[in-house]
>>> print(open('coords32.cif').read())   # mmCIF, C-alpha atoms
data_final
loop_
_atom_site.group_PDB
_atom_site.id
_atom_site.type_symbol
_atom_site.label_atom_id
_atom_site.label_comp_id
_atom_site.auth_asym_id
_atom_site.auth_seq_id
_atom_site.Cartn_x
_atom_site.Cartn_y
_atom_site.Cartn_z
ATOM 1 C CA MET A 91 54.950 117.687 125.146
ATOM 2 C CA PRO A 92 56.790 114.603 123.813
ATOM 3 C CA SER A 93 58.512 114.946 120.471
ATOM 4 C CA LYS A 94 57.123 113.065 117.512
ATOM 5 C CA PRO A 95 59.016 109.778 116.887
ATOM 6 C CA ALA A 96 61.212 109.649 113.814
ATOM 7 C CA PRO A 97 59.652 107.880 110.830
ATOM 8 C CA ILE A 98 60.575 104.241 110.359
ATOM 9 C CA THR A 99 62.826 104.071 107.300
ATOM 10 C CA MET A 100 65.636 101.938 105.933
ATOM 11 C CA ASP A 101 67.794 105.069 105.765
ATOM 12 C CA ALA A 102 67.687 105.135 109.579
ATOM 13 C CA VAL A 103 68.851 101.503 109.651
ATOM 14 C CA TYR A 104 71.618 102.115 107.108
ATOM 15 C CA ALA A 105 72.974 105.035 109.153
ATOM 16 C CA ALA A 106 72.908 103.217 112.516
ATOM 17 C CA PRO A 107 76.288 102.372 114.061
ATOM 18 C CA GLY A 108 75.272 98.784 114.812
ATOM 19 C CA TYR A 109 74.226 98.172 111.220
ATOM 20 C CA LEU A 110 77.447 99.704 109.913
ATOM 21 C CA PHE A 111 79.595 97.625 112.297
ATOM 22 C CA ARG A 112 77.765 94.454 111.237
ATOM 23 C CA ARG A 113 78.229 95.255 107.555
ATOM 24 C CA MET A 114 81.919 96.030 108.054
ATOM 25 C CA GLN A 115 82.311 92.728 109.906
ATOM 26 C CA GLN A 116 80.761 90.928 106.924
ATOM 27 C CA ILE A 117 83.080 92.772 104.557
ATOM 28 C CA ALA A 118 86.140 92.140 106.753
ATOM 29 C CA VAL A 119 85.450 88.395 106.942
ATOM 30 C CA SER A 120 84.835 88.235 103.198
ATOM 31 C CA ILE A 121 88.119 89.997 102.411
ATOM 32 C CA PHE A 122 90.037 87.837 104.922
ATOM 33 C CA VAL A 123 88.609 84.601 103.498
ATOM 34 C CA GLU A 124 89.349 85.737 99.946
ATOM 35 C CA GLU A 125 92.945 86.773 100.681
ATOM 36 C CA CYS A 126 93.652 83.699 102.825
ATOM 37 C CA ARG A 127 91.726 81.189 100.699
ATOM 38 C CA ALA A 128 94.793 79.001 100.096
ATOM 39 C CA PHE A 129 95.117 78.401 103.855
ATOM 40 C CA ASP A 130 91.485 77.454 104.576
ATOM 41 C CA LEU A 131 91.366 79.447 107.823
ATOM 42 C CA THR A 132 88.676 81.744 109.182
ATOM 43 C CA PRO A 133 89.600 84.929 111.031
ATOM 44 C CA VAL A 134 88.779 83.273 114.375
ATOM 45 C CA GLN A 135 90.848 80.184 113.522
ATOM 46 C CA TYR A 136 93.722 82.491 112.600
ATOM 47 C CA ALA A 137 93.417 84.425 115.893
ATOM 48 C CA ALA A 138 93.313 81.161 117.854
ATOM 49 C CA LEU A 139 96.364 79.858 116.014
ATOM 50 C CA VAL A 140 98.300 83.056 116.778
ATOM 51 C CA ALA A 141 97.284 82.898 120.452
ATOM 52 C CA ILE A 142 98.291 79.230 120.748
ATOM 53 C CA HIS A 143 101.592 79.980 119.002
ATOM 54 C CA THR A 144 102.224 82.939 121.296
ATOM 55 C CA HIS A 145 101.113 81.124 124.462
ATOM 56 C CA PRO A 146 101.972 77.426 124.145
ATOM 57 C CA GLY A 147 100.134 75.296 126.686
ATOM 58 C CA ILE A 148 97.127 77.611 126.925
ATOM 59 C CA ASP A 149 93.827 75.924 127.749
ATOM 60 C CA ALA A 150 90.544 76.590 125.954
ATOM 61 C CA THR A 151 89.100 78.768 128.715
ATOM 62 C CA ARG A 152 92.096 81.099 128.655
ATOM 63 C CA LEU A 153 92.201 81.012 124.862
ATOM 64 C CA SER A 154 88.583 82.184 124.862
ATOM 65 C CA ALA A 155 89.546 85.128 127.090
ATOM 66 C CA VAL A 156 92.628 85.992 125.016
ATOM 67 C CA ILE A 157 90.764 86.180 121.699
ATOM 68 C CA ALA A 158 87.407 87.305 123.198
ATOM 69 C CA PHE A 159 85.473 84.435 121.648
ATOM 70 C CA ASP A 160 82.595 82.487 123.141
ATOM 71 C CA ARG A 161 83.929 79.418 124.982
ATOM 72 C CA SER A 162 81.164 77.068 123.774
ATOM 73 C CA THR A 163 81.756 77.969 120.122
ATOM 74 C CA LEU A 164 85.523 77.904 120.523
ATOM 75 C CA GLY A 165 85.401 74.123 120.910
ATOM 76 C CA ASN A 166 84.477 73.840 117.225
ATOM 77 C CA VAL A 167 87.351 76.126 116.265
ATOM 78 C CA ILE A 168 89.807 74.023 118.263
ATOM 79 C CA GLU A 169 88.448 70.807 116.723
ATOM 80 C CA ARG A 170 88.881 72.212 113.209
ATOM 81 C CA LEU A 171 92.441 73.342 113.908
ATOM 82 C CA GLU A 172 93.232 69.936 115.376
ATOM 83 C CA SER A 173 91.658 68.067 112.439
ATOM 84 C CA LYS A 174 93.815 70.182 110.090
ATOM 85 C CA GLU A 175 96.799 69.101 112.230
ATOM 86 C CA LEU A 176 97.684 72.721 112.983
ATOM 87 C CA ILE A 177 97.486 72.282 116.759
ATOM 88 C CA GLU A 178 97.823 69.477 119.276
ATOM 89 C CA ARG A 179 95.881 68.921 122.490
ATOM 90 C CA LYS A 180 97.727 67.364 125.409
ATOM 91 C CA PRO A 181 96.451 66.626 128.911
ATOM 92 C CA SER A 182 97.679 68.888 131.674
ATOM 93 C CA SER A 183 100.113 67.242 134.081
ATOM 94 C CA GLU A 184 98.216 68.930 136.941
ATOM 95 C CA ASP A 185 94.673 67.988 135.845
ATOM 96 C CA LYS A 186 94.196 65.314 133.175
ATOM 97 C CA ARG A 187 90.692 66.672 132.419
ATOM 98 C CA VAL A 188 92.217 69.918 131.152
ATOM 99 C CA LYS A 189 93.648 69.828 127.631
ATOM 100 C CA LEU A 190 96.483 72.194 126.845
ATOM 101 C CA LEU A 191 96.933 73.533 123.336
ATOM 102 C CA TYR A 192 100.162 73.621 121.359
ATOM 103 C CA ILE A 193 100.870 74.657 117.801
ATOM 104 C CA SER A 194 102.173 71.845 115.593
ATOM 105 C CA LYS A 195 105.098 72.122 113.186
ATOM 106 C CA SER A 196 102.668 72.387 110.280
ATOM 107 C CA GLY A 197 100.685 74.997 112.231
ATOM 108 C CA SER A 198 103.836 77.080 112.696
ATOM 109 C CA ALA A 199 104.585 76.773 108.993
ATOM 110 C CA VAL A 200 101.051 77.832 108.030
ATOM 111 C CA LEU A 201 101.270 80.783 110.391
ATOM 112 C CA ARG A 202 104.512 81.972 108.781
ATOM 113 C CA GLU A 203 103.123 81.466 105.272
ATOM 114 C CA ILE A 204 99.745 83.129 105.884
ATOM 115 C CA MET A 205 101.135 86.391 107.274
ATOM 116 C CA PRO A 206 101.518 88.206 103.927
ATOM 117 C CA SER A 207 97.927 87.267 103.041
ATOM 118 C CA VAL A 208 96.628 88.469 106.408
ATOM 119 C CA GLU A 209 98.508 91.743 106.011
ATOM 120 C CA GLN A 210 97.057 92.127 102.499
ATOM 121 C CA ALA A 211 93.546 91.505 103.837
ATOM 122 C CA GLN A 212 94.007 94.137 106.552
ATOM 123 C CA ALA A 213 95.325 96.635 104.014
ATOM 124 C CA ARG A 214 92.403 95.956 101.645
ATOM 125 C CA MET A 215 89.873 96.624 104.396
ATOM 126 C CA LEU A 216 91.273 100.132 104.878
ATOM 127 C CA GLN A 217 92.470 100.809 101.318
ATOM 128 C CA PRO A 218 89.521 103.011 100.269
ATOM 129 C CA LEU A 219 90.391 105.507 103.005
ATOM 130 C CA LYS A 220 93.103 108.152 102.953
ATOM 131 C CA PRO A 221 96.077 107.290 105.227
ATOM 132 C CA ALA A 222 95.090 109.882 107.840
ATOM 133 C CA ASP A 223 91.520 108.568 107.861
ATOM 134 C CA ARG A 224 92.785 104.984 108.305
ATOM 135 C CA LYS A 225 94.762 106.059 111.354
ATOM 136 C CA ALA A 226 91.819 108.015 112.767
ATOM 137 C CA LEU A 227 89.392 105.131 112.162
ATOM 138 C CA LEU A 228 91.676 102.621 113.890
ATOM 139 C CA ALA A 229 92.174 104.969 116.837
ATOM 140 C CA LEU A 230 88.424 105.507 117.222
ATOM 141 C CA LEU A 231 87.600 101.801 116.821
ATOM 142 C CA THR A 232 90.250 100.899 119.394
ATOM 143 C CA GLN A 233 88.770 103.454 121.779
ATOM 144 C CA LEU A 234 85.197 102.222 121.214
ATOM 145 C CA VAL A 235 86.147 98.575 121.675
ATOM 146 C CA ASP A 236 88.082 99.359 124.848
ATOM 147 C CA LEU A 237 85.373 101.557 126.368
ATOM 148 C CA ASN A 238 82.614 99.073 125.483
ATOM 149 C CA ASN A 239 84.533 95.892 126.396
ATOM 150 C CA GLU A 240 82.286 95.102 129.359
ATOM 151 C CA ALA A 241 79.171 95.283 127.163
ATOM 152 C CA SER A 242 80.415 92.321 125.132
ATOM 153 C CA ARG A 243 79.014 88.841 125.677
ATOM 154 C CA VAL A 244 82.676 87.785 125.763
ATOM 155 C CA PRO A 245 84.787 90.650 127.105
ATOM 156 C CA LEU A 246 88.459 90.591 126.268
ATOM 157 C CA ARG A 247 90.341 89.297 129.299
ATOM 158 C CA ALA A 248 93.767 88.675 127.803
ATOM 159 C CA GLY A 249 95.734 90.143 130.720
ATOM 160 C CA ASP A 250 93.917 88.087 133.344
ATOM 161 C CA ALA A 251 94.168 84.906 131.285
ATOM 162 C CA LEU A 252 97.841 85.317 130.514
ATOM 163 C CA GLU A 253 98.725 86.286 134.076
ATOM 164 C CA HIS A 254 97.251 82.981 135.285
ATOM 165 C CA LEU A 255 98.940 81.082 132.460
ATOM 166 C CA GLY A 256 102.316 82.479 133.490
ATOM 167 C CA LYS A 257 101.761 81.380 137.079
ATOM 168 C CA SER A 258 100.666 77.879 136.159
ATOM 169 C CA GLY A 259 103.373 77.105 133.715
#
>>> encode(input="coords32.cif", output="structure tokens")
Amino acid sequence: MPSKPAPITMDAVYAAPGYLFRRMQQIAVSIFVEECRAFDLTPVQYAALVAIHTHPGIDATRLSAVIAFDRSTLGNVIERLESKELIERKPSSEDKRVKLLYISKSGSAVLREIMPSVEQAQARMLQPLKPADRKALLALLTQLVDLNNEASRVPLRAGDALEHLGKSG
């Protein structure tokens, strides 16, 4: 005999992992934006800037794989970073249709200056937890993200992207 379905309640929603992850994402973005307000960067813009700094000459497709962000939406992120003069786009010598991304001098300066604010934002996100709980949470989140990577609409493919980047220049 089938069991009776659980009643439909908001408590069930509030306790669901997906709901909790979405709420924490909202909170994380809010804290990041607040701490980094002076730099006018979103978390995705920051991640893109770090990736471009770390991998000069990366193209948008590989950047998408490195930061696990949807390629079609990433175009807007790149345009915003370019309009803020934090990055430069240059045509590839091998294929003029492909634009390679480089951090600008002002982008490098912003990256250096924003780091204390980013670190403060990260600390604030975990601050309510005891140190041991912070470590446990990060370990479990890392494990969940890794084990569920393929379920993402944009799986992280940093190794593949960077391997190709190293071969091409």
>>> atom_distance(input="coords32.cif", atom1="CA of Gln135 in chain A", atom2="CA of Arg214 in chain A")
19.8 Å
>>> atom_distance(input="coords32.cif", atom1="CA of Phe122 in chain A", atom2="CA of Glu209 in chain A")
9.4 Å
>>> atom_distance(input="coords32.cif", atom1="CA of Asp101 in chain A", atom2="CA of Lys225 in chain A")
27.6 Å
>>> resolve_selection(input="coords32.cif", expression="the PyMOL selection byres ((chain A and resi 168) around 10)", output="PyMOL selection string")
chain A and resi 135+138-139+150+153+163-167+169-174+176-179+191
>>> closest_residue(input="coords32.cif", among="A:Val188, A:Ala137, A:Ala155, A:Ala128", to="Arg247 in chain A", atoms="all atoms listed in the file")
A:Ala155
>>> closest_atom_pairs(input="coords32.cif", of="range 128-173 of chain A", to="range 241-244 of chain A", cutoff="9 Å", atoms="only C-alpha atoms", output="tab-separated table")
residue	atom	partner	partner_atom	distance
A:Ser154	CA	A:Val244	CA	8.2
A:Ala155	CA	A:Val244	CA	7.5
A:Ala158	CA	A:Val244	CA	5.4
A:Phe159	CA	A:Val244	CA	6.0
A:Asp160	CA	A:Val244	CA	5.9
A:Arg161	CA	A:Val244	CA	8.5
>>> resolve_selection(input="coords32.cif", expression="the PyMOL selection byres ((chain A and resi 140) around 12)", output="ChimeraX atom specification")
/A:131,133-139,141-146,148,153,156-157,171,176-177,191-194,197-202,204-205,208
>>> closest_residue(input="coords32.cif", among="A:Phe111, A:Thr99, A:Arg127, A:Val119", to="Ser207 in chain A", atoms="all atoms listed in the file")
A:Arg127
>>> closest_residue(input="coords32.cif", among="A:Ser183, A:Gln212, A:Ser93, A:Ser162", to="Ser120 in chain A", atoms="all atoms listed in the file")
A:Gln212
>>> axis_aligned_box(input="coords32.cif", around="range 114-127 of chain A", padding_each_side="3 Å", output="JSON")
{"center_x": 87.2, "center_y": 88.6, "center_z": 104.9, "size_x": 18.9, "size_y": 20.8, "size_z": 16.0}
>>> build_atoms(input="coords32.cif", residues="range 177-197 of chain A", atoms="N, CA and C atoms", output="tab-separated table (two decimals), keeping the file's coordinate frame")
chain	number	residue	atom	x	y	z
A	177	ILE	N	97.24	72.23	115.32
A	177	ILE	CA	97.49	72.28	116.76
A	177	ILE	C	97.41	70.87	117.33
A	178	GLU	N	97.91	70.75	118.55
A	178	GLU	CA	97.82	69.48	119.28
A	178	GLU	C	97.24	69.77	120.65
A	179	ARG	N	96.43	68.84	121.13
A	179	ARG	CA	95.88	68.92	122.49
A	179	ARG	C	96.57	67.87	123.33
A	180	LYS	N	97.06	68.29	124.50
A	180	LYS	CA	97.73	67.36	125.41
A	180	LYS	C	97.15	67.55	126.81
A	181	PRO	N	96.99	66.47	127.55
A	181	PRO	CA	96.45	66.63	128.91
A	181	PRO	C	97.43	67.37	129.81
A	182	SER	N	96.88	68.16	130.70
A	182	SER	CA	97.68	68.89	131.67
A	182	SER	C	98.27	67.90	132.66
A	183	SER	N	99.50	68.12	133.08
A	183	SER	CA	100.11	67.24	134.08
A	183	SER	C	99.46	67.44	135.45
A	184	GLU	N	98.86	68.63	135.66
A	184	GLU	CA	98.22	68.93	136.94
A	184	GLU	C	96.78	68.43	137.02
A	185	ASP	N	96.08	68.41	135.88
A	185	ASP	CA	94.67	67.99	135.84
A	185	ASP	C	94.42	67.36	134.49
A	186	LYS	N	94.34	66.05	134.44
A	186	LYS	CA	94.20	65.31	133.18
A	186	LYS	C	92.91	65.68	132.42
A	187	ARG	N	91.93	66.27	133.10
A	187	ARG	CA	90.69	66.67	132.42
A	187	ARG	C	90.91	67.90	131.55
A	188	VAL	N	91.92	68.69	131.89
A	188	VAL	CA	92.22	69.92	131.15
A	188	VAL	C	93.17	69.59	130.01
A	189	LYS	N	92.79	70.02	128.80
A	189	LYS	CA	93.65	69.83	127.63
A	189	LYS	C	94.36	71.13	127.33
A	190	LEU	N	95.67	71.03	127.18
A	190	LEU	CA	96.48	72.19	126.84
A	190	LEU	C	96.76	72.20	125.35
A	191	LEU	N	96.83	73.38	124.78
A	191	LEU	CA	96.93	73.53	123.34
A	191	LEU	C	98.33	73.98	122.93
A	192	TYR	N	98.84	73.31	121.90
A	192	TYR	CA	100.16	73.62	121.36
A	192	TYR	C	100.08	73.68	119.84
A	193	ILE	N	100.82	74.59	119.26
A	193	ILE	CA	100.87	74.66	117.80
A	193	ILE	C	101.76	73.52	117.30
A	194	SER	N	101.37	72.92	116.19
A	194	SER	CA	102.17	71.84	115.59
A	194	SER	C	103.21	72.46	114.65
A	195	LYS	N	104.12	71.62	114.16
A	195	LYS	CA	105.10	72.12	113.19
A	195	LYS	C	104.40	72.64	111.94
A	196	SER	N	103.38	71.91	111.47
A	196	SER	CA	102.67	72.39	110.28
A	196	SER	C	101.87	73.65	110.59
A	197	GLY	N	101.38	73.77	111.83
A	197	GLY	CA	100.68	75.00	112.23
A	197	GLY	C	101.61	76.19	112.23
